[in-house]
Number of protein chains: 2
Amino acid sequence: MIKFDDIKSLIKDSENIGLSYHVSPDGDAVGSLLSLYFALKKLNKNVTIFSKDNLTNTINLRFLPSINEIDGMNYFVTSDIDLLIILDCGNVERVSCEVDFDKTTTLGIDHHISNDMYCTYNFVQGDASSTGEIVFDIIKNLGIEIDQNIAKCIYTSIMTDTGGLRFESTSQKTFNIVGELVATKFDFWNTYEQLFLYKTFSKVKLLGLVYNELKLVDNQICVIHVTNDMLNKSNSTDEQTNDIVSYGLTIDGVRVSILIKDFNGKHKVSLRSKGCINVCEIAKKFGGGGHIKASAFVTDLKRDVIERMLVEEFRNLLK
Amino acid sequence: MIKFDDIKSLIKDSENIGLSYHVSPDGDAVGSLLSLYFALKKLNKNVTIFSKDNLTNTINLRFLPSINEIDGMNYFVTSDIDLLIILDCGNVERVSCEVDFDKTTTLGIDHHISNDMYCTYNFVQGDASSTGEIVFDIIKNLGIEIDQNIAKCIYTSIMTDTGGLRFESTSQKTFNIVGELVATKFDFWNTYEQLFLYKTFSKVKLLGLVYNELKLVDNQICVIHVTNDMLNKSNSTDEQTNDIVSYGLTIDGVRVSILIKDFNGKHKVSLRSKGCINVCEIAKKFGGGGHIKASAFVTDLKRDVIERMLVEEFRNLLK
């Protein structure tokens, strides 16, 4: 792994700089990329964004400056690129561009300790809350003034990966950085709303149907169903159901949340827990896996059968 | 108004110190009171909390240290109190204790610019995000180390009145203070969850019913109904409906949110807006009032009649 100051030299010595990130980029990937994009332009570099992903219709990120330029059309890294910086991407399979790694000088910047170090140069800082936090340091180190555009993009990075400065990974340094960003007077209150508060009408309708069916067992186990019928009625896509299992954990007293979803004629089950309940142990019994607090599996069992079995399992665990 | 350093002298010269706040205290009132309570104890003062409000069952604040001591039983300020500090309370009618202002030395600490200056000494700092932010400065000025208990209480104050560091009132200083608080290593991620994420089961059920009936007109006007039947079905109280009108504004594209609620045989209507729509103007036409972005009125009109009239009014405004 290279040292922090080497990044400065690499950038200073490059004229044509490309930027990319992981596919299906989140706010950290997009925010860190765009902040570096604006910063490098201030150094009069030729900067090109390479992205397989089209972000022009991303509801929670559409407020970002220049987001409309990322239309997913430009993703073949050309040979004139002196340096390709890949942000927030842990392995080569997930890079959102086509690049010949043998012929291109690449620099990976990431905060995931699991990063595969697949670039020519790699800078991975596992104690940073987000890639945006690292990019903030790089921009400062390059002597570039943080303007409102840069501030808004780094704010987006940090807020996305800390869940709004609330995850344990958020350090004193993180708060100080965000303080410095808001001091540029960009409209962070509006940015916050766009990032976290806006829902589509169909998502609200889906939640209504989901909440109506939601069950609480022993005041500790929440059971949530999402059926194809609910998706049709609310005009929702399967993508909009990803975070619904975590809603269960926000109900007072709930320690385990179970989501049972129609899934290609089978059922996909997602499990979440709070405290010391190991949901992975249960998911393994059904051929699934995951983490202690977040696991999943797919089953052929009928909805009411799998619900009864899971409630039974968790009742025993919670005894 | 007294100077900041005078607060130090007042506290240093007092042996028996009483603390109070406004009735129906929110997180800022309770958090600033409790942080000062723990800080003054570290100075070996005799500290007494005076509160008409019983906070032992307050769901979103029950994690605060010593919250169970505030049971609403002790609210007559005794004559042995050398100094009564009243936090976050703008006028004498709202003080959560019984006190003879002629015979007691009182110190008001507040961040509401509208404060009536009703105490013997008053310190009002309108540019502070919260009373907790002022109390942080006072505790530091007294030379008291911020421990985890104090940090958790001030964090609660600041987070409550900034909506989780997202309102425009949040300054660079606010972020730096919160950074210093989390550096004490209290469980701020857990505190955040308790403050903002937990809902009762009945609230979730109420939301389900509300979302099912929720309407979107012209993709800009959201109409929400809350009926007595919904309250009964979800086992909810009227109190749980207070924030529901603002849910409408979180739907993508919505500029006006209308809540029509059963209210003692009549209907109570709450209006909220985003951008430049003046809802007060409309509320006045129906005998109500409020602010530009938040207004309300009560009407004898039937639900569908008032809905039709309001939709018509806002359609004209939004043209």
# chains A, B, ... in the order shown; residues from 1 in each chain; ligands from 1

call {"tool": "interface_residues", "arguments": {"of": "chain B", "to": "chain A", "cutoff": "6 Å", "atoms": "only C-alpha atoms", "output": "NGL selection string"}}
result
:B and (166-168 or 172 or 175-176 or 179 or 183 or 189 or 197-201 or 205 or 208 or 211-212 or 250-252)

call {"tool": "residues_around", "arguments": {"residues": "segment 61-66 of chain A", "least_positions_apart": "2", "cutoff": "12 Å", "atoms": "only C-alpha atoms", "output": "compact mmCIF listing (two decimals) with C-alpha atoms, in the first residue's frame"}}
result
# COMPACT_ATOMS: atom_id res chain seq x y z
CA PRO A 25 -22.74 3.18 -6.97
CA ASP A 26 -24.11 4.48 -3.67
CA GLY A 27 -23.80 7.99 -2.28
CA ASP A 28 -20.28 7.38 -1.01
CA ALA A 29 -19.03 6.20 -4.41
CA VAL A 30 -20.75 8.98 -6.38
CA GLY A 31 -20.01 11.72 -3.83
CA SER A 32 -16.33 10.89 -3.52
CA LEU A 33 -15.97 10.62 -7.31
CA LEU A 34 -17.70 13.95 -8.01
CA SER A 35 -15.84 15.83 -5.26
CA TYR A 37 -13.83 15.53 -10.21
CA PHE A 38 -14.43 19.17 -9.20
CA ILE A 49 -15.68 10.08 -15.54
CA ASN A 54 -26.52 5.76 -15.70
CA LEU A 55 -27.26 8.07 -12.75
CA THR A 56 -29.46 10.65 -14.44
CA ASN A 57 -32.60 9.21 -12.81
CA THR A 58 -31.31 8.37 -9.35
CA ILE A 59 -33.94 9.92 -7.10
CA ASN A 68 -26.55 14.44 -15.33
CA GLU A 69 -23.23 14.01 -17.07
CA ILE A 70 -23.03 10.46 -15.70
CA ASP A 71 -25.32 8.83 -18.24
CA GLN A 148 -19.76 24.47 -2.13
CA ASN A 149 -19.85 21.89 -4.93
CA ILE A 150 -17.03 19.87 -3.41
CA ALA A 151 -18.55 20.25 0.06
CA LYS A 152 -21.95 18.99 -1.08
CA CYS A 153 -20.41 15.91 -2.70
CA ILE A 154 -18.22 14.98 0.28
CA TYR A 155 -21.15 15.60 2.64
CA THR A 156 -23.16 13.14 0.52
CA SER A 157 -20.38 10.55 0.76
CA THR A 160 -24.47 7.98 3.12
CA PHE A 186 -23.98 25.02 0.91
CA ASP A 187 -27.63 24.00 1.56
CA PHE A 188 -26.89 20.96 3.69
CA ASN A 190 -31.87 20.48 1.75
CA THR A 191 -29.18 17.92 0.82
CA TYR A 192 -30.05 15.91 3.93
CA GLU A 193 -33.73 15.83 2.96
CA GLN A 194 -32.95 14.68 -0.56
CA LEU A 195 -30.59 11.99 0.67
CA PHE A 196 -32.71 10.51 3.43
CA LEU A 197 -36.27 11.74 3.57
CA TYR A 198 -37.73 11.50 0.11
CA ASP B 252 -41.17 12.97 -4.04

call {"tool": "select_by_dssp", "arguments": {"residues": "segment 11-166 of chain B", "states": "strand (DSSP E or B)", "output": "mmCIF file with N, CA and C atoms, in the first residue's frame"}}
result
data_model
loop_
_atom_site.group_PDB
_atom_site.id
_atom_site.type_symbol
_atom_site.label_atom_id
_atom_site.label_comp_id
_atom_site.auth_asym_id
_atom_site.auth_seq_id
_atom_site.Cartn_x
_atom_site.Cartn_y
_atom_site.Cartn_z
ATOM 1 N N ASN B 16 -26.937 25.389 47.110
ATOM 2 C CA ASN B 16 -28.109 24.579 46.749
ATOM 3 C C ASN B 16 -28.690 25.080 45.438
ATOM 4 N N ILE B 17 -28.557 24.275 44.428
ATOM 5 C CA ILE B 17 -29.002 24.708 43.101
ATOM 6 C C ILE B 17 -30.186 23.878 42.617
ATOM 7 N N GLY B 18 -31.240 24.556 42.190
ATOM 8 C CA GLY B 18 -32.401 23.873 41.622
ATOM 9 C C GLY B 18 -32.364 23.975 40.103
ATOM 10 N N LEU B 19 -32.946 22.970 39.444
ATOM 11 C CA LEU B 19 -32.999 22.982 37.983
ATOM 12 C C LEU B 19 -34.432 22.737 37.528
ATOM 13 N N SER B 20 -34.864 23.486 36.526
ATOM 14 C CA SER B 20 -36.161 23.203 35.914
ATOM 15 C C SER B 20 -36.108 23.556 34.430
ATOM 16 N N TYR B 21 -37.248 23.369 33.735
ATOM 17 C CA TYR B 21 -37.320 23.577 32.276
ATOM 18 C C TYR B 21 -38.760 23.878 31.920
ATOM 19 N N HIS B 22 -39.082 23.828 30.627
ATOM 20 C CA HIS B 22 -40.470 24.079 30.247
ATOM 21 C C HIS B 22 -41.322 22.821 30.415
ATOM 22 N N ASN B 46 -25.300 20.819 45.943
ATOM 23 C CA ASN B 46 -26.544 20.093 46.190
ATOM 24 C C ASN B 46 -27.498 20.452 45.058
ATOM 25 N N VAL B 47 -27.815 19.496 44.232
ATOM 26 C CA VAL B 47 -28.632 19.804 43.057
ATOM 27 C C VAL B 47 -29.990 19.113 43.154
ATOM 28 N N THR B 48 -31.058 19.870 42.916
ATOM 29 C CA THR B 48 -32.412 19.312 42.965
ATOM 30 C C THR B 48 -33.127 19.613 41.643
ATOM 31 N N ILE B 49 -33.784 18.590 41.109
ATOM 32 C CA ILE B 49 -34.568 18.791 39.881
ATOM 33 C C ILE B 49 -36.021 19.060 40.268
ATOM 34 N N ASN B 54 -43.792 14.076 34.671
ATOM 35 C CA ASN B 54 -43.294 12.744 34.997
ATOM 36 C C ASN B 54 -42.690 12.131 33.725
ATOM 37 N N ASP B 71 -39.972 12.048 38.354
ATOM 38 C CA ASP B 71 -41.275 11.386 38.391
ATOM 39 C C ASP B 71 -42.444 12.361 38.537
ATOM 40 N N PHE B 76 -42.337 21.897 43.897
ATOM 41 C CA PHE B 76 -42.412 23.136 44.684
ATOM 42 C C PHE B 76 -40.998 23.552 45.075
ATOM 43 N N LEU B 83 -30.128 29.192 44.041
ATOM 44 C CA LEU B 83 -30.215 29.557 42.621
ATOM 45 C C LEU B 83 -31.057 28.524 41.887
ATOM 46 N N LEU B 84 -32.073 29.007 41.180
ATOM 47 C CA LEU B 84 -32.878 28.103 40.355
ATOM 48 C C LEU B 84 -32.557 28.402 38.891
ATOM 49 N N ILE B 85 -32.027 27.391 38.210
ATOM 50 C CA ILE B 85 -31.696 27.561 36.793
ATOM 51 C C ILE B 85 -32.835 26.991 35.947
ATOM 52 N N ILE B 86 -33.426 27.813 35.100
ATOM 53 C CA ILE B 86 -34.540 27.361 34.257
ATOM 54 C C ILE B 86 -34.062 27.291 32.804
ATOM 55 N N LEU B 87 -34.123 26.074 32.249
ATOM 56 C CA LEU B 87 -33.523 25.824 30.938
ATOM 57 C C LEU B 87 -34.555 25.751 29.821
ATOM 58 N N VAL B 95 -43.047 27.402 32.861
ATOM 59 C CA VAL B 95 -42.056 26.790 33.747
ATOM 60 C C VAL B 95 -42.659 25.554 34.429
ATOM 61 N N GLU B 98 -43.352 25.114 40.600
ATOM 62 C CA GLU B 98 -43.999 26.224 41.304
ATOM 63 C C GLU B 98 -42.903 26.976 42.035
ATOM 64 N N THR B 106 -33.288 33.469 40.229
ATOM 65 C CA THR B 106 -33.449 32.564 39.086
ATOM 66 C C THR B 106 -32.519 32.966 37.938
ATOM 67 N N LEU B 107 -32.083 31.943 37.200
ATOM 68 C CA LEU B 107 -31.223 32.161 36.035
ATOM 69 C C LEU B 107 -31.840 31.430 34.844
ATOM 70 N N GLY B 108 -32.225 32.163 33.831
ATOM 71 C CA GLY B 108 -32.795 31.538 32.636
ATOM 72 C C GLY B 108 -31.728 31.344 31.576
ATOM 73 N N ILE B 109 -31.637 30.132 31.048
ATOM 74 C CA ILE B 109 -30.684 29.850 29.957
ATOM 75 C C ILE B 109 -31.476 29.303 28.780
ATOM 76 N N ASP B 110 -31.364 29.956 27.641
ATOM 77 C CA ASP B 110 -32.240 29.583 26.530
ATOM 78 C C ASP B 110 -31.608 29.974 25.190
ATOM 79 N N TYR B 121 -31.725 36.694 36.380
ATOM 80 C CA TYR B 121 -30.647 36.806 35.404
ATOM 81 C C TYR B 121 -31.041 35.999 34.166
ATOM 82 N N ASN B 122 -30.736 36.526 33.017
ATOM 83 C CA ASN B 122 -31.130 35.834 31.776
ATOM 84 C C ASN B 122 -29.959 35.745 30.817
ATOM 85 N N PHE B 123 -29.769 34.541 30.271
ATOM 86 C CA PHE B 123 -28.740 34.375 29.248
ATOM 87 C C PHE B 123 -29.380 33.682 28.044
ATOM 88 N N VAL B 124 -29.602 34.451 26.988
ATOM 89 C CA VAL B 124 -30.282 33.930 25.793
ATOM 90 C C VAL B 124 -29.353 34.096 24.593
#

call {"tool": "atom_distance", "arguments": {"atom1": "atom CA of His111 of chain B", "atom2": "atom CA of Leu40 of chain B"}}
result
20.6 Å

call {"tool": "residues_around", "arguments": {"residues": "Lys261 of chain A", "least_positions_apart": "3", "cutoff": "10 Å", "atoms": "only C-alpha atoms", "output": "JSON, numbers by chain"}}
result
{"A": [224, 225, 226, 227, 228, 238, 241, 258, 264, 266, 267, 268, 269, 270, 298, 303]}

call {"tool": "residues_around", "arguments": {"residues": "Lys140 of chain A", "least_positions_apart": "2", "cutoff": "12 Å", "atoms": "only C-alpha atoms", "output": "VMD selection string"}}
result
chain A and resid 4 to 5 8 35 to 36 39 to 40 133 to 138 142 to 147 150 to 151 177 180 to 181

call {"tool": "select_by_dssp", "arguments": {"residues": "segment 75-188 of chain B", "states": "helix (DSSP H, G or I)", "output": "PyMOL selection string"}}
result
chain B and resi 92-94+131-141+148-162+172-182+188

call {"tool": "write_last_selection", "arguments": {"atoms": "C-alpha atoms", "output": "PDB file, in the first residue's frame"}}
result
ATOM      1  CA  VAL B  92     -42.990  32.245  33.024  1.00  0.00           C
ATOM      2  CA  GLU B  93     -46.286  30.463  32.255  1.00  0.00           C
ATOM      3  CA  ARG B  94     -44.464  27.441  30.873  1.00  0.00           C
ATOM      4  CA  THR B 131     -29.946  25.011  24.906  1.00  0.00           C
ATOM      5  CA  GLY B 132     -27.683  21.960  25.155  1.00  0.00           C
ATOM      6  CA  GLU B 133     -25.088  23.733  23.035  1.00  0.00           C
ATOM      7  CA  ILE B 134     -25.022  26.650  25.514  1.00  0.00           C
ATOM      8  CA  VAL B 135     -24.839  24.281  28.484  1.00  0.00           C
ATOM      9  CA  PHE B 136     -21.853  22.543  26.833  1.00  0.00           C
ATOM     10  CA  ASP B 137     -20.010  25.894  26.840  1.00  0.00           C
ATOM     11  CA  ILE B 138     -21.006  26.569  30.448  1.00  0.00           C
ATOM     12  CA  ILE B 139     -19.763  23.169  31.631  1.00  0.00           C
ATOM     13  CA  LYS B 140     -16.453  23.647  29.796  1.00  0.00           C
ATOM     14  CA  ASN B 141     -16.171  27.171  31.228  1.00  0.00           C
ATOM     15  CA  GLN B 148     -20.104   9.896  29.156  1.00  0.00           C
ATOM     16  CA  ASN B 149     -23.258  10.770  31.115  1.00  0.00           C
ATOM     17  CA  ILE B 150     -22.888  14.469  30.418  1.00  0.00           C
ATOM     18  CA  ALA B 151     -21.996  13.764  26.786  1.00  0.00           C
ATOM     19  CA  LYS B 152     -25.078  11.595  26.254  1.00  0.00           C
ATOM     20  CA  CYS B 153     -27.377  14.258  27.682  1.00  0.00           C
ATOM     21  CA  ILE B 154     -25.909  17.136  25.650  1.00  0.00           C
ATOM     22  CA  TYR B 155     -25.942  14.943  22.521  1.00  0.00           C
ATOM     23  CA  THR B 156     -29.665  14.375  23.164  1.00  0.00           C
ATOM     24  CA  SER B 157     -30.248  18.129  23.486  1.00  0.00           C
ATOM     25  CA  ILE B 158     -28.428  19.040  20.322  1.00  0.00           C
ATOM     26  CA  MET B 159     -29.763  16.172  18.220  1.00  0.00           C
ATOM     27  CA  THR B 160     -33.353  16.884  19.274  1.00  0.00           C
ATOM     28  CA  ASP B 161     -33.321  20.549  18.371  1.00  0.00           C
ATOM     29  CA  THR B 162     -31.368  20.120  15.134  1.00  0.00           C
ATOM     30  CA  GLN B 172     -19.759  24.317  12.325  1.00  0.00           C
ATOM     31  CA  LYS B 173     -19.451  24.776  16.086  1.00  0.00           C
ATOM     32  CA  THR B 174     -22.394  22.392  16.631  1.00  0.00           C
ATOM     33  CA  PHE B 175     -20.636  19.660  14.626  1.00  0.00           C
ATOM     34  CA  ASN B 176     -17.387  20.228  16.518  1.00  0.00           C
ATOM     35  CA  ILE B 177     -19.185  19.963  19.863  1.00  0.00           C
ATOM     36  CA  VAL B 178     -20.856  16.691  18.882  1.00  0.00           C
ATOM     37  CA  GLY B 179     -17.439  15.435  17.749  1.00  0.00           C
ATOM     38  CA  GLU B 180     -16.058  16.197  21.182  1.00  0.00           C
ATOM     39  CA  LEU B 181     -19.021  14.444  22.813  1.00  0.00           C
ATOM     40  CA  VAL B 182     -18.644  11.219  20.815  1.00  0.00           C
ATOM     41  CA  PHE B 188     -24.095   7.513  20.462  1.00  0.00           C
TER      42      PHE B 188
END

call {"tool": "atom_distance", "arguments": {"atom1": "atom CA of Phe314 of chain B", "atom2": "atom CA of Gly265 of chain B"}}
result
25.3 Å
